[in-house]
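A.B. asks: Pasting in a structure now, in structure tokens, and then I'll have a few things to ask.
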Amino acid sequence: MDRLAFLLATGLARGLVIALFALSLVIIWRAARIVNFAQAAMAIVAVYVAFAVTQATGSFWLGLAAALVTGALVGAVVERWLIRLVPSGTPLPGMIVAIGLVMILQSAISIIFGPKHRPMAAPFSEQPFTVGGVAVLSPYDLFILLVALGVVAALGLLFNGTTLGLQMRASAMAPEVSRLLGVRVPRMITLGWMLSSGVAALAVLLLVPTELGLNAHSADILFVHAFTVAVLGGLDSPSGALVGGIVVGILISLVTGFLGAGLAPIAVLVLLTVVLLVRPGGIFAAKEARTA
């Protein structure tokens, strides 16, 4: 039972990071109806900037601010000077460009910084609390929990309770109608990319201190798990990303702890297959409105 409790707590912490990155994919889908396969590589660029700022100042918080600002700027640059130039009639050109961008960014990072992992220290202790002789969440895990819940609440308020969020969603789903109603569609799409890239950078920054360190491929597995979570929850559902992230994180932790790390990807694949067979649009996908 002690081992089970520890694995559940560990899975919760990892699942929240996965959920945050999945939220970034949901944001870009809601804002631009695009699955950005370059999300992880773009986030790594922002985290390297955060690493440099932290090393120079000794402040994790300044590094965190630098990651968010850089992530938003990278998202704006990619959307304005790359994605906007790609034909939008079919998703295939955008996917090909995004994959090419991954290769360019990862190669550039490896050339500039080298292949080695660079350790990053967490702002709080990673030593778990002990309750009744059972190891549970650490202070850093609790920090991740609060950040994840805060981001989810803020995004829910943005998309469902503000005019800006409504304009972003309308620009993605009905751009021509939105233009006729006076919405600046290109600006809304750019804001969506900036917000998505900033959240992705935050997720990767939270993950790196708990892993081997920072290098060009530190977010690759995170992207795979987050994409799975986004599909499981429904690409249009922030709450689905949160719940799906926690479920996948706990599943990975339990399978790794009891059966071995090699079976964890298979378990995630089985879960994805079962959910898609039962509910192809995702567990929290919005129901289609009746037209007749």
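In the structure tokens, chains take the letters A, B, ... in the order shown, each chain's residues start at 1, and ligands count up from 1 in the order shown.
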Find the residues near Leu272 in chain A: any atom within 12 Å, counting only C-alpha atoms, skip ones fewer than 2 places away on the same chain, and give them as a PDB file with N, CA, C and O atoms, in the first residue's frame.

C.D. replies:
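The resulting file, out_10.pdb, is reproduced below:
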ATOM      1  N   VAL A 224       4.453  13.542 -26.937  1.00  0.00           N
ATOM      2  CA  VAL A 224       3.719  12.325 -27.300  1.00  0.00           C
ATOM      3  C   VAL A 224       2.610  12.050 -26.289  1.00  0.00           C
ATOM      4  O   VAL A 224       1.449  11.792 -26.655  1.00  0.00           O
ATOM      5  N   HIS A 225       2.943  12.116 -25.004  1.00  0.00           N
ATOM      6  CA  HIS A 225       1.940  11.869 -23.972  1.00  0.00           C
ATOM      7  C   HIS A 225       0.857  12.952 -23.985  1.00  0.00           C
ATOM      8  O   HIS A 225      -0.336  12.652 -23.821  1.00  0.00           O
ATOM      9  N   ALA A 226       1.259  14.211 -24.175  1.00  0.00           N
ATOM     10  CA  ALA A 226       0.290  15.306 -24.166  1.00  0.00           C
ATOM     11  C   ALA A 226      -0.644  15.223 -25.359  1.00  0.00           C
ATOM     12  O   ALA A 226      -1.848  15.509 -25.246  1.00  0.00           O
ATOM     13  N   PHE A 227      -0.118  14.855 -26.520  1.00  0.00           N
ATOM     14  CA  PHE A 227      -0.973  14.702 -27.691  1.00  0.00           C
ATOM     15  C   PHE A 227      -1.994  13.588 -27.466  1.00  0.00           C
ATOM     16  O   PHE A 227      -3.173  13.723 -27.821  1.00  0.00           O
ATOM     17  N   THR A 228      -1.542  12.501 -26.844  1.00  0.00           N
ATOM     18  CA  THR A 228      -2.461  11.415 -26.496  1.00  0.00           C
ATOM     19  C   THR A 228      -3.550  11.909 -25.563  1.00  0.00           C
ATOM     20  O   THR A 228      -4.732  11.611 -25.739  1.00  0.00           O
ATOM     21  N   VAL A 229      -3.158  12.689 -24.568  1.00  0.00           N
ATOM     22  CA  VAL A 229      -4.115  13.226 -23.599  1.00  0.00           C
ATOM     23  C   VAL A 229      -5.110  14.153 -24.280  1.00  0.00           C
ATOM     24  O   VAL A 229      -6.319  14.106 -24.006  1.00  0.00           O
ATOM     25  N   ALA A 230      -4.619  15.021 -25.176  1.00  0.00           N
ATOM     26  CA  ALA A 230      -5.511  15.945 -25.868  1.00  0.00           C
ATOM     27  C   ALA A 230      -6.546  15.196 -26.697  1.00  0.00           C
ATOM     28  O   ALA A 230      -7.722  15.592 -26.748  1.00  0.00           O
ATOM     29  N   VAL A 231      -6.133  14.114 -27.334  1.00  0.00           N
ATOM     30  CA  VAL A 231      -7.064  13.305 -28.124  1.00  0.00           C
ATOM     31  C   VAL A 231      -8.043  12.585 -27.210  1.00  0.00           C
ATOM     32  O   VAL A 231      -9.245  12.503 -27.487  1.00  0.00           O
ATOM     33  N   LEU A 232      -7.546  12.052 -26.088  1.00  0.00           N
ATOM     34  CA  LEU A 232      -8.411  11.342 -25.146  1.00  0.00           C
ATOM     35  C   LEU A 232      -9.497  12.259 -24.598  1.00  0.00           C
ATOM     36  O   LEU A 232     -10.668  11.885 -24.521  1.00  0.00           O
ATOM     37  N   GLY A 233      -9.108  13.462 -24.191  1.00  0.00           N
ATOM     38  CA  GLY A 233     -10.072  14.364 -23.578  1.00  0.00           C
ATOM     39  C   GLY A 233     -10.953  15.077 -24.568  1.00  0.00           C
ATOM     40  O   GLY A 233     -12.025  15.554 -24.213  1.00  0.00           O
ATOM     41  N   GLY A 234     -10.509  15.160 -25.817  1.00  0.00           N
ATOM     42  CA  GLY A 234     -11.222  15.947 -26.813  1.00  0.00           C
ATOM     43  C   GLY A 234     -10.440  17.214 -27.075  1.00  0.00           C
ATOM     44  O   GLY A 234     -10.174  17.985 -26.143  1.00  0.00           O
ATOM     45  N   GLY A 244      -7.559  14.031 -18.460  1.00  0.00           N
ATOM     46  CA  GLY A 244      -6.788  13.056 -19.221  1.00  0.00           C
ATOM     47  C   GLY A 244      -5.330  13.034 -18.813  1.00  0.00           C
ATOM     48  O   GLY A 244      -4.705  11.967 -18.740  1.00  0.00           O
ATOM     49  N   VAL A 247      -5.038  11.121 -15.538  1.00  0.00           N
ATOM     50  CA  VAL A 247      -5.250   9.685 -15.760  1.00  0.00           C
ATOM     51  C   VAL A 247      -4.018   9.051 -16.402  1.00  0.00           C
ATOM     52  O   VAL A 247      -3.531   8.005 -15.954  1.00  0.00           O
ATOM     53  N   VAL A 248      -3.490   9.680 -17.450  1.00  0.00           N
ATOM     54  CA  VAL A 248      -2.327   9.128 -18.142  1.00  0.00           C
ATOM     55  C   VAL A 248      -1.099   9.161 -17.242  1.00  0.00           C
ATOM     56  O   VAL A 248      -0.308   8.200 -17.222  1.00  0.00           O
ATOM     57  N   LEU A 251      -1.479   6.351 -14.772  1.00  0.00           N
ATOM     58  CA  LEU A 251      -1.327   5.073 -15.478  1.00  0.00           C
ATOM     59  C   LEU A 251       0.146   4.771 -15.744  1.00  0.00           C
ATOM     60  O   LEU A 251       0.620   3.658 -15.500  1.00  0.00           O
ATOM     61  N   PRO A 265       4.456   2.718 -22.383  1.00  0.00           N
ATOM     62  CA  PRO A 265       3.906   3.208 -23.662  1.00  0.00           C
ATOM     63  C   PRO A 265       2.803   2.320 -24.212  1.00  0.00           C
ATOM     64  O   PRO A 265       1.850   2.801 -24.833  1.00  0.00           O
ATOM     65  N   ILE A 266       2.920   0.998 -23.987  1.00  0.00           N
ATOM     66  CA  ILE A 266       1.882   0.075 -24.467  1.00  0.00           C
ATOM     67  C   ILE A 266       0.579   0.333 -23.718  1.00  0.00           C
ATOM     68  O   ILE A 266      -0.509   0.317 -24.309  1.00  0.00           O
ATOM     69  N   ALA A 267       0.681   0.573 -22.411  1.00  0.00           N
ATOM     70  CA  ALA A 267      -0.521   0.843 -21.619  1.00  0.00           C
ATOM     71  C   ALA A 267      -1.218   2.111 -22.097  1.00  0.00           C
ATOM     72  O   ALA A 267      -2.449   2.159 -22.207  1.00  0.00           O
ATOM     73  N   VAL A 268      -0.439   3.146 -22.402  1.00  0.00           N
ATOM     74  CA  VAL A 268      -1.019   4.398 -22.911  1.00  0.00           C
ATOM     75  C   VAL A 268      -1.684   4.160 -24.257  1.00  0.00           C
ATOM     76  O   VAL A 268      -2.782   4.674 -24.534  1.00  0.00           O
ATOM     77  N   LEU A 269      -1.046   3.373 -25.120  1.00  0.00           N
ATOM     78  CA  LEU A 269      -1.621   3.059 -26.432  1.00  0.00           C
ATOM     79  C   LEU A 269      -2.921   2.282 -26.301  1.00  0.00           C
ATOM     80  O   LEU A 269      -3.897   2.556 -27.014  1.00  0.00           O
ATOM     81  N   VAL A 270      -2.960   1.338 -25.386  1.00  0.00           N
ATOM     82  CA  VAL A 270      -4.190   0.561 -25.161  1.00  0.00           C
ATOM     83  C   VAL A 270      -5.313   1.473 -24.677  1.00  0.00           C
ATOM     84  O   VAL A 270      -6.454   1.386 -25.150  1.00  0.00           O
ATOM     85  N   VAL A 274      -8.866   2.111 -26.697  1.00  0.00           N
ATOM     86  CA  VAL A 274     -10.168   1.812 -26.092  1.00  0.00           C
ATOM     87  C   VAL A 274     -11.056   3.052 -26.106  1.00  0.00           C
ATOM     88  O   VAL A 274     -12.238   2.988 -26.479  1.00  0.00           O
ATOM     89  N   VAL A 275     -10.517   4.208 -25.729  1.00  0.00           N
ATOM     90  CA  VAL A 275     -11.314   5.427 -25.682  1.00  0.00           C
ATOM     91  C   VAL A 275     -11.798   5.817 -27.076  1.00  0.00           C
ATOM     92  O   VAL A 275     -12.963   6.184 -27.267  1.00  0.00           O
ATOM     93  N   LEU A 276     -10.916   5.726 -28.067  1.00  0.00           N
ATOM     94  CA  LEU A 276     -11.300   6.107 -29.425  1.00  0.00           C
ATOM     95  C   LEU A 276     -12.328   5.149 -30.014  1.00  0.00           C
ATOM     96  O   LEU A 276     -13.153   5.552 -30.837  1.00  0.00           O
ATOM     97  N   LEU A 277     -12.295   3.891 -29.614  1.00  0.00           N
ATOM     98  CA  LEU A 277     -13.305   2.939 -30.079  1.00  0.00           C
ATOM     99  C   LEU A 277     -14.678   3.264 -29.484  1.00  0.00           C
ATOM    100  O   LEU A 277     -15.709   3.132 -30.151  1.00  0.00           O
ATOM    101  N   VAL A 278     -14.680   3.690 -28.231  1.00  0.00           N
ATOM    102  CA  VAL A 278     -15.944   3.978 -27.544  1.00  0.00           C
ATOM    103  C   VAL A 278     -16.447   5.377 -27.876  1.00  0.00           C
ATOM    104  O   VAL A 278     -17.636   5.593 -28.120  1.00  0.00           O
ATOM    105  N   ARG A 279     -15.523   6.346 -27.880  1.00  0.00           N
ATOM    106  CA  ARG A 279     -15.897   7.754 -28.122  1.00  0.00           C
ATOM    107  C   ARG A 279     -14.832   8.391 -29.007  1.00  0.00           C
ATOM    108  O   ARG A 279     -13.866   8.981 -28.494  1.00  0.00           O
ATOM    109  N   PRO A 280     -14.960   8.299 -30.315  1.00  0.00           N
ATOM    110  CA  PRO A 280     -13.902   8.761 -31.231  1.00  0.00           C
ATOM    111  C   PRO A 280     -13.518  10.224 -31.076  1.00  0.00           C
ATOM    112  O   PRO A 280     -12.377  10.596 -31.339  1.00  0.00           O
ATOM    113  N   GLY A 281     -14.454  11.072 -30.660  1.00  0.00           N
ATOM    114  CA  GLY A 281     -14.150  12.490 -30.522  1.00  0.00           C
ATOM    115  C   GLY A 281     -13.450  12.849 -29.234  1.00  0.00           C
ATOM    116  O   GLY A 281     -13.067  13.994 -29.038  1.00  0.00           O
ATOM    117  N   GLY A 282     -13.267  11.863 -28.338  1.00  0.00           N
ATOM    118  CA  GLY A 282     -12.684  12.146 -27.032  1.00  0.00           C
ATOM    119  C   GLY A 282     -13.748  12.121 -25.950  1.00  0.00           C
ATOM    120  O   GLY A 282     -14.932  12.349 -26.208  1.00  0.00           O
ATOM    121  N   ILE A 283     -13.332  11.863 -24.720  1.00  0.00           N
ATOM    122  CA  ILE A 283     -14.288  11.690 -23.627  1.00  0.00           C
ATOM    123  C   ILE A 283     -15.090  12.952 -23.372  1.00  0.00           C
ATOM    124  O   ILE A 283     -16.293  12.925 -23.126  1.00  0.00           O
TER     125      ILE A 283
END

A.B. asks: I'd like to know which residues of range 44-160 of chain A are strand (DSSP E or B) (by DSSP, run on the backbone); could you write them as a VMD selection string?

C.D. replies: chain A and resid 118 130 to 131 134 to 135

A.B. asks: Write the selection just made, keeping N, CA, C and O atoms, as an mmCIF file, in the first residue's frame?

C.D. replies:
data_model
loop_
_atom_site.group_PDB
_atom_site.id
_atom_site.type_symbol
_atom_site.label_atom_id
_atom_site.label_comp_id
_atom_site.auth_asym_id
_atom_site.auth_seq_id
_atom_site.Cartn_x
_atom_site.Cartn_y
_atom_site.Cartn_z
ATOM 1 N N ARG A 118 21.640 19.557 -19.394
ATOM 2 C CA ARG A 118 22.033 20.600 -18.457
ATOM 3 C C ARG A 118 21.057 20.586 -17.278
ATOM 4 O O ARG A 118 19.860 20.836 -17.454
ATOM 5 N N THR A 130 6.160 13.006 4.247
ATOM 6 C CA THR A 130 5.809 11.680 4.753
ATOM 7 C C THR A 130 4.602 11.814 5.666
ATOM 8 O O THR A 130 4.642 12.543 6.667
ATOM 9 N N VAL A 131 3.523 11.137 5.299
ATOM 10 C CA VAL A 131 2.287 11.160 6.084
ATOM 11 C C VAL A 131 1.981 9.738 6.527
ATOM 12 O O VAL A 131 1.714 8.866 5.698
ATOM 13 N N VAL A 134 4.113 7.167 4.927
ATOM 14 C CA VAL A 134 3.966 7.007 3.477
ATOM 15 C C VAL A 134 4.441 8.285 2.784
ATOM 16 O O VAL A 134 4.004 9.391 3.122
ATOM 17 N N ALA A 135 5.344 8.150 1.802
ATOM 18 C CA ALA A 135 5.824 9.297 1.039
ATOM 19 C C ALA A 135 4.729 9.758 0.085
ATOM 20 O O ALA A 135 4.150 8.950 -0.655
#

A.B. asks: Excluding same-chain residues fewer than 2 positions from range 148-153 of chain A, what lies within 8 Å of it counting only C-alpha atoms, as a list of chain:residue names?

C.D. replies: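 My list of contacting residues is A:Leu16, A:Val17, A:Ala19, A:Leu20, A:Leu23, A:Ile144, A:Leu145, A:Leu146, A:Leu155, A:Gly156, A:Leu157, A:Pro238, A:Ser239, A:Leu242.
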
A.B. asks: Excluding Pro119 in chain A and any residue of its chain fewer than 6 positions from it, enumerate the residues within 12 Å of it, using only C-alpha atoms, and give them as a ChimeraX atom specification.

C.D. replies: /A:48,51-52,54-55,205,207-215,218

A.B. asks: Please write the residues from the selection above to a file, keeping all heavy atoms, as a compact mmCIF listing (two decimals), in the first residue's frame.

C.D. replies:
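To be explicit, this is the file written out as out.txt:
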# COMPACT_ATOMS: atom_id res chain seq x y z
N TYR A 48 15.44 27.17 -22.83
CA TYR A 48 16.87 27.48 -22.87
C TYR A 48 17.11 28.95 -22.50
O TYR A 48 18.09 29.29 -21.83
CB TYR A 48 17.45 27.17 -24.25
CG TYR A 48 18.13 25.82 -24.31
CD1 TYR A 48 17.49 24.74 -24.89
CD2 TYR A 48 19.40 25.64 -23.78
CE1 TYR A 48 18.10 23.49 -24.94
CE2 TYR A 48 20.03 24.40 -23.83
CZ TYR A 48 19.37 23.33 -24.40
OH TYR A 48 19.98 22.11 -24.43
N PHE A 51 16.76 29.07 -18.84
CA PHE A 51 17.96 28.50 -18.23
C PHE A 51 19.08 29.55 -18.17
O PHE A 51 19.76 29.72 -17.16
CB PHE A 51 18.40 27.28 -19.02
CG PHE A 51 19.68 26.66 -18.52
CD1 PHE A 51 19.67 25.82 -17.42
CD2 PHE A 51 20.88 26.90 -19.16
CE1 PHE A 51 20.84 25.24 -16.95
CE2 PHE A 51 22.06 26.33 -18.71
CZ PHE A 51 22.05 25.50 -17.60
N ALA A 52 19.27 30.27 -19.28
CA ALA A 52 20.31 31.29 -19.33
C ALA A 52 20.03 32.41 -18.34
O ALA A 52 20.95 32.88 -17.64
CB ALA A 52 20.42 31.84 -20.75
N THR A 54 18.20 32.24 -15.58
CA THR A 54 18.37 31.71 -14.22
C THR A 54 19.83 31.60 -13.84
O THR A 54 20.23 31.92 -12.72
CB THR A 54 17.69 30.33 -14.11
OG1 THR A 54 16.30 30.45 -14.42
CG2 THR A 54 17.82 29.77 -12.70
N GLN A 55 20.65 31.13 -14.78
CA GLN A 55 22.08 31.01 -14.51
C GLN A 55 22.71 32.39 -14.28
O GLN A 55 23.61 32.54 -13.45
CB GLN A 55 22.78 30.33 -15.69
CG GLN A 55 22.45 28.86 -15.84
CD GLN A 55 23.03 28.01 -14.72
OE1 GLN A 55 22.32 27.64 -13.78
NE2 GLN A 55 24.31 27.70 -14.82
N LEU A 205 9.24 23.81 -18.66
CA LEU A 205 10.07 24.36 -17.59
C LEU A 205 9.80 23.65 -16.27
O LEU A 205 10.72 23.42 -15.47
CB LEU A 205 9.80 25.85 -17.45
CG LEU A 205 10.62 26.59 -16.39
CD1 LEU A 205 12.10 26.57 -16.75
CD2 LEU A 205 10.14 28.02 -16.23
N LEU A 207 8.78 20.55 -16.02
CA LEU A 207 9.17 19.14 -16.16
C LEU A 207 10.68 18.96 -16.01
O LEU A 207 11.12 18.00 -15.35
CB LEU A 207 8.73 18.61 -17.52
CG LEU A 207 9.24 17.21 -17.89
CD1 LEU A 207 8.52 16.16 -17.06
CD2 LEU A 207 9.05 16.94 -19.37
N VAL A 208 11.46 19.83 -16.60
CA VAL A 208 12.91 19.61 -16.71
C VAL A 208 13.60 19.35 -15.36
O VAL A 208 14.44 18.45 -15.27
CB VAL A 208 13.57 20.80 -17.45
CG1 VAL A 208 15.09 20.73 -17.34
CG2 VAL A 208 13.16 20.78 -18.92
N PRO A 209 13.28 20.08 -14.26
CA PRO A 209 13.97 19.80 -13.00
C PRO A 209 13.73 18.39 -12.47
O PRO A 209 14.53 17.90 -11.65
CB PRO A 209 13.37 20.85 -12.04
CG PRO A 209 12.95 21.96 -12.93
CD PRO A 209 12.45 21.29 -14.18
N THR A 210 12.67 17.72 -12.88
CA THR A 210 12.37 16.37 -12.40
C THR A 210 12.94 15.29 -13.31
O THR A 210 12.82 14.10 -13.00
CB THR A 210 10.86 16.17 -12.28
OG1 THR A 210 10.26 16.18 -13.59
CG2 THR A 210 10.22 17.26 -11.45
N GLU A 211 13.55 15.68 -14.43
CA GLU A 211 14.08 14.71 -15.40
C GLU A 211 15.60 14.77 -15.40
O GLU A 211 16.23 15.29 -14.48
CB GLU A 211 13.52 15.02 -16.79
CG GLU A 211 12.01 14.92 -16.88
CD GLU A 211 11.50 13.50 -16.71
OE1 GLU A 211 12.13 12.58 -17.27
OE2 GLU A 211 10.49 13.32 -16.02
N LEU A 212 16.22 14.25 -16.46
CA LEU A 212 17.68 14.22 -16.56
C LEU A 212 18.28 15.61 -16.70
O LEU A 212 19.43 15.83 -16.36
CB LEU A 212 18.10 13.36 -17.76
CG LEU A 212 17.73 11.87 -17.69
CD1 LEU A 212 18.09 11.18 -19.00
CD2 LEU A 212 18.43 11.21 -16.51
N GLY A 213 17.51 16.55 -17.21
CA GLY A 213 18.01 17.89 -17.44
C GLY A 213 17.50 18.43 -18.76
O GLY A 213 16.60 17.85 -19.39
N LEU A 214 18.11 19.51 -19.21
CA LEU A 214 17.65 20.20 -20.41
C LEU A 214 18.56 19.91 -21.59
O LEU A 214 19.78 20.09 -21.52
CB LEU A 214 17.64 21.72 -20.15
CG LEU A 214 17.25 22.62 -21.32
CD1 LEU A 214 15.82 22.34 -21.77
CD2 LEU A 214 17.42 24.09 -20.93
N ASN A 215 17.97 19.41 -22.68
CA ASN A 215 18.66 19.35 -23.96
C ASN A 215 17.61 19.47 -25.07
O ASN A 215 16.43 19.67 -24.80
CB ASN A 215 19.53 18.10 -24.10
CG ASN A 215 18.74 16.87 -24.50
OD1 ASN A 215 17.52 16.81 -24.36
ND2 ASN A 215 19.43 15.86 -25.01
N SER A 218 14.42 17.16 -24.69
CA SER A 218 13.84 16.95 -23.36
C SER A 218 12.32 16.87 -23.36
O SER A 218 11.73 16.28 -22.46
CB SER A 218 14.29 18.08 -22.42
OG SER A 218 15.67 18.05 -22.22

A.B. asks: Determine the nearest neighbour of Ser110 in chain A from the options A:Ala264, A:Ala5, A:Ile44, A:Ala56, counting only C-alpha atoms.

C.D. replies: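 Among A:Ala264, A:Ala5, A:Ile44, A:Ala56, it is A:Ile44 that comes nearest to Ser110 in chain A.
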
A.B. asks: Would you compute the distance between CA of Val136 in chain A and CA of Val199 in chain A? Give it in Å to one decimal.

C.D. replies: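 Going from CA of Val136 in chain A over to CA of Val199 in chain A covers 26.4 Å.
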
A.B. asks: What lies within 12 Å of Phe124 in chain A using only C-alpha atoms, ignoring chain neighbours under 4 positions off, as a ChimeraX atom specification?

C.D. replies: /A:60-61,120,128,137-144,206,209-210

A.B. asks: Can you write out the residues you just picked, keeping all heavy atoms, as a CSV table (one decimal), in the first residue's frame?

C.D. replies:
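Wrote it out as again28.csv, contents follow:
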chain,number,residue,atom,x,y,z
A,60,PHE,N,15.0,31.6,-10.1
A,60,PHE,CA,14.1,30.8,-10.9
A,60,PHE,C,12.9,31.6,-11.4
A,60,PHE,O,12.4,31.4,-12.6
A,60,PHE,CB,13.6,29.6,-10.0
A,60,PHE,CG,12.5,28.8,-10.7
A,60,PHE,CD1,12.8,27.8,-11.6
A,60,PHE,CD2,11.1,29.1,-10.5
A,60,PHE,CE1,11.8,27.0,-12.2
A,60,PHE,CE2,10.1,28.4,-11.0
A,60,PHE,CZ,10.5,27.3,-11.9
A,61,TRP,N,12.4,32.6,-10.7
A,61,TRP,CA,11.2,33.3,-11.0
A,61,TRP,C,11.5,34.2,-12.2
A,61,TRP,O,10.6,34.4,-13.1
A,61,TRP,CB,10.8,34.1,-9.8
A,61,TRP,CG,10.6,33.3,-8.6
A,61,TRP,CD1,11.3,33.2,-7.5
A,61,TRP,CD2,9.6,32.2,-8.5
A,61,TRP,NE1,10.9,32.2,-6.7
A,61,TRP,CE2,9.8,31.6,-7.2
A,61,TRP,CE3,8.5,31.8,-9.3
A,61,TRP,CZ2,9.0,30.6,-6.7
A,61,TRP,CZ3,7.7,30.8,-8.8
A,61,TRP,CH2,8.0,30.2,-7.5
A,120,MET,N,18.8,21.5,-14.2
A,120,MET,CA,18.1,22.7,-13.7
A,120,MET,C,17.5,22.4,-12.3
A,120,MET,O,16.9,21.4,-12.1
A,120,MET,CB,16.9,23.1,-14.6
A,120,MET,CG,17.4,23.7,-16.0
A,120,MET,SD,16.0,24.3,-17.0
A,120,MET,CE,15.5,25.7,-16.0
A,128,PRO,N,9.7,14.3,-0.9
A,128,PRO,CA,8.3,14.2,-0.6
A,128,PRO,C,8.0,14.2,0.9
A,128,PRO,O,8.8,13.8,1.7
A,128,PRO,CB,7.9,12.8,-1.2
A,128,PRO,CG,9.2,12.0,-1.2
A,128,PRO,CD,10.3,13.0,-1.5
A,137,LEU,N,3.3,13.8,-1.9
A,137,LEU,CA,3.7,14.8,-2.8
A,137,LEU,C,4.8,15.7,-2.1
A,137,LEU,O,4.8,15.9,-0.9
A,137,LEU,CB,2.6,15.7,-3.2
A,137,LEU,CG,1.5,15.1,-4.0
A,137,LEU,CD1,0.3,16.1,-4.2
A,137,LEU,CD2,2.0,14.7,-5.4
A,138,SER,N,5.7,16.1,-2.9
A,138,SER,CA,6.8,17.0,-2.4
A,138,SER,C,6.3,18.5,-2.6
A,138,SER,O,5.3,18.8,-3.2
A,138,SER,CB,8.1,16.9,-3.3
A,138,SER,OG,7.9,17.3,-4.6
A,139,PRO,N,7.0,19.5,-1.9
A,139,PRO,CA,6.7,20.9,-2.1
A,139,PRO,C,6.6,21.3,-3.6
A,139,PRO,O,5.8,22.1,-4.0
A,139,PRO,CB,7.8,21.6,-1.3
A,139,PRO,CG,8.2,20.6,-0.3
A,139,PRO,CD,8.1,19.3,-0.9
A,140,TYR,N,7.6,20.8,-4.4
A,140,TYR,CA,7.6,21.1,-5.8
A,140,TYR,C,6.4,20.5,-6.5
A,140,TYR,O,5.8,21.2,-7.4
A,140,TYR,CB,8.9,20.6,-6.5
A,140,TYR,CG,9.1,21.1,-7.9
A,140,TYR,CD1,9.1,22.4,-8.2
A,140,TYR,CD2,9.2,20.1,-8.9
A,140,TYR,CE1,9.2,22.8,-9.5
A,140,TYR,CE2,9.3,20.6,-10.2
A,140,TYR,CZ,9.4,21.9,-10.5
A,140,TYR,OH,9.5,22.4,-11.8
A,141,ASP,N,6.0,19.3,-6.1
A,141,ASP,CA,4.8,18.7,-6.7
A,141,ASP,C,3.5,19.6,-6.4
A,141,ASP,O,2.7,19.8,-7.2
A,141,ASP,CB,4.6,17.3,-6.2
A,141,ASP,CG,5.6,16.3,-6.7
A,141,ASP,OD1,6.2,16.6,-7.7
A,141,ASP,OD2,5.9,15.3,-6.0
A,142,LEU,N,3.5,20.1,-5.2
A,142,LEU,CA,2.3,20.9,-4.8
A,142,LEU,C,2.3,22.2,-5.6
A,142,LEU,O,1.3,22.7,-6.0
A,142,LEU,CB,2.4,21.2,-3.3
A,142,LEU,CG,2.1,20.0,-2.4
A,142,LEU,CD1,2.3,20.4,-0.9
A,142,LEU,CD2,0.7,19.4,-2.6
A,143,PHE,N,3.5,22.7,-5.8
A,143,PHE,CA,3.7,24.0,-6.7
A,143,PHE,C,3.1,23.7,-8.1
A,143,PHE,O,2.4,24.5,-8.6
A,143,PHE,CB,5.1,24.4,-6.7
A,143,PHE,CG,5.4,25.4,-7.7
A,143,PHE,CD1,5.0,26.7,-7.5
A,143,PHE,CD2,6.2,25.2,-8.8
A,143,PHE,CE1,5.2,27.7,-8.5
A,143,PHE,CE2,6.5,26.2,-9.8
A,143,PHE,CZ,6.0,27.4,-9.6
A,144,ILE,N,3.5,22.5,-8.6
A,144,ILE,CA,3.0,22.2,-10.0
A,144,ILE,C,1.5,22.1,-9.9
A,144,ILE,O,0.8,22.5,-10.9
A,144,ILE,CB,3.6,20.9,-10.4
A,144,ILE,CG1,5.1,21.1,-10.7
A,144,ILE,CG2,3.0,20.3,-11.7
A,144,ILE,CD1,5.9,19.8,-11.0
A,206,LEU,N,8.5,23.3,-16.0
A,206,LEU,CA,8.2,22.6,-14.8
A,206,LEU,C,8.7,21.1,-14.8
A,206,LEU,O,9.0,20.5,-13.8
A,206,LEU,CB,6.7,22.6,-14.6
A,206,LEU,CG,6.1,23.9,-14.3
A,206,LEU,CD1,4.5,23.8,-14.2
A,206,LEU,CD2,6.6,24.5,-13.0
A,209,PRO,N,13.3,20.1,-14.3
A,209,PRO,CA,14.0,19.8,-13.0
A,209,PRO,C,13.7,18.4,-12.5
A,209,PRO,O,14.5,17.9,-11.7
A,209,PRO,CB,13.4,20.8,-12.0
A,209,PRO,CG,13.0,22.0,-12.9
A,209,PRO,CD,12.4,21.3,-14.2
A,210,THR,N,12.7,17.7,-12.9
A,210,THR,CA,12.4,16.4,-12.4
A,210,THR,C,12.9,15.3,-13.3
A,210,THR,O,12.8,14.1,-13.0
A,210,THR,CB,10.9,16.2,-12.3
A,210,THR,OG1,10.3,16.2,-13.6
A,210,THR,CG2,10.2,17.3,-11.4
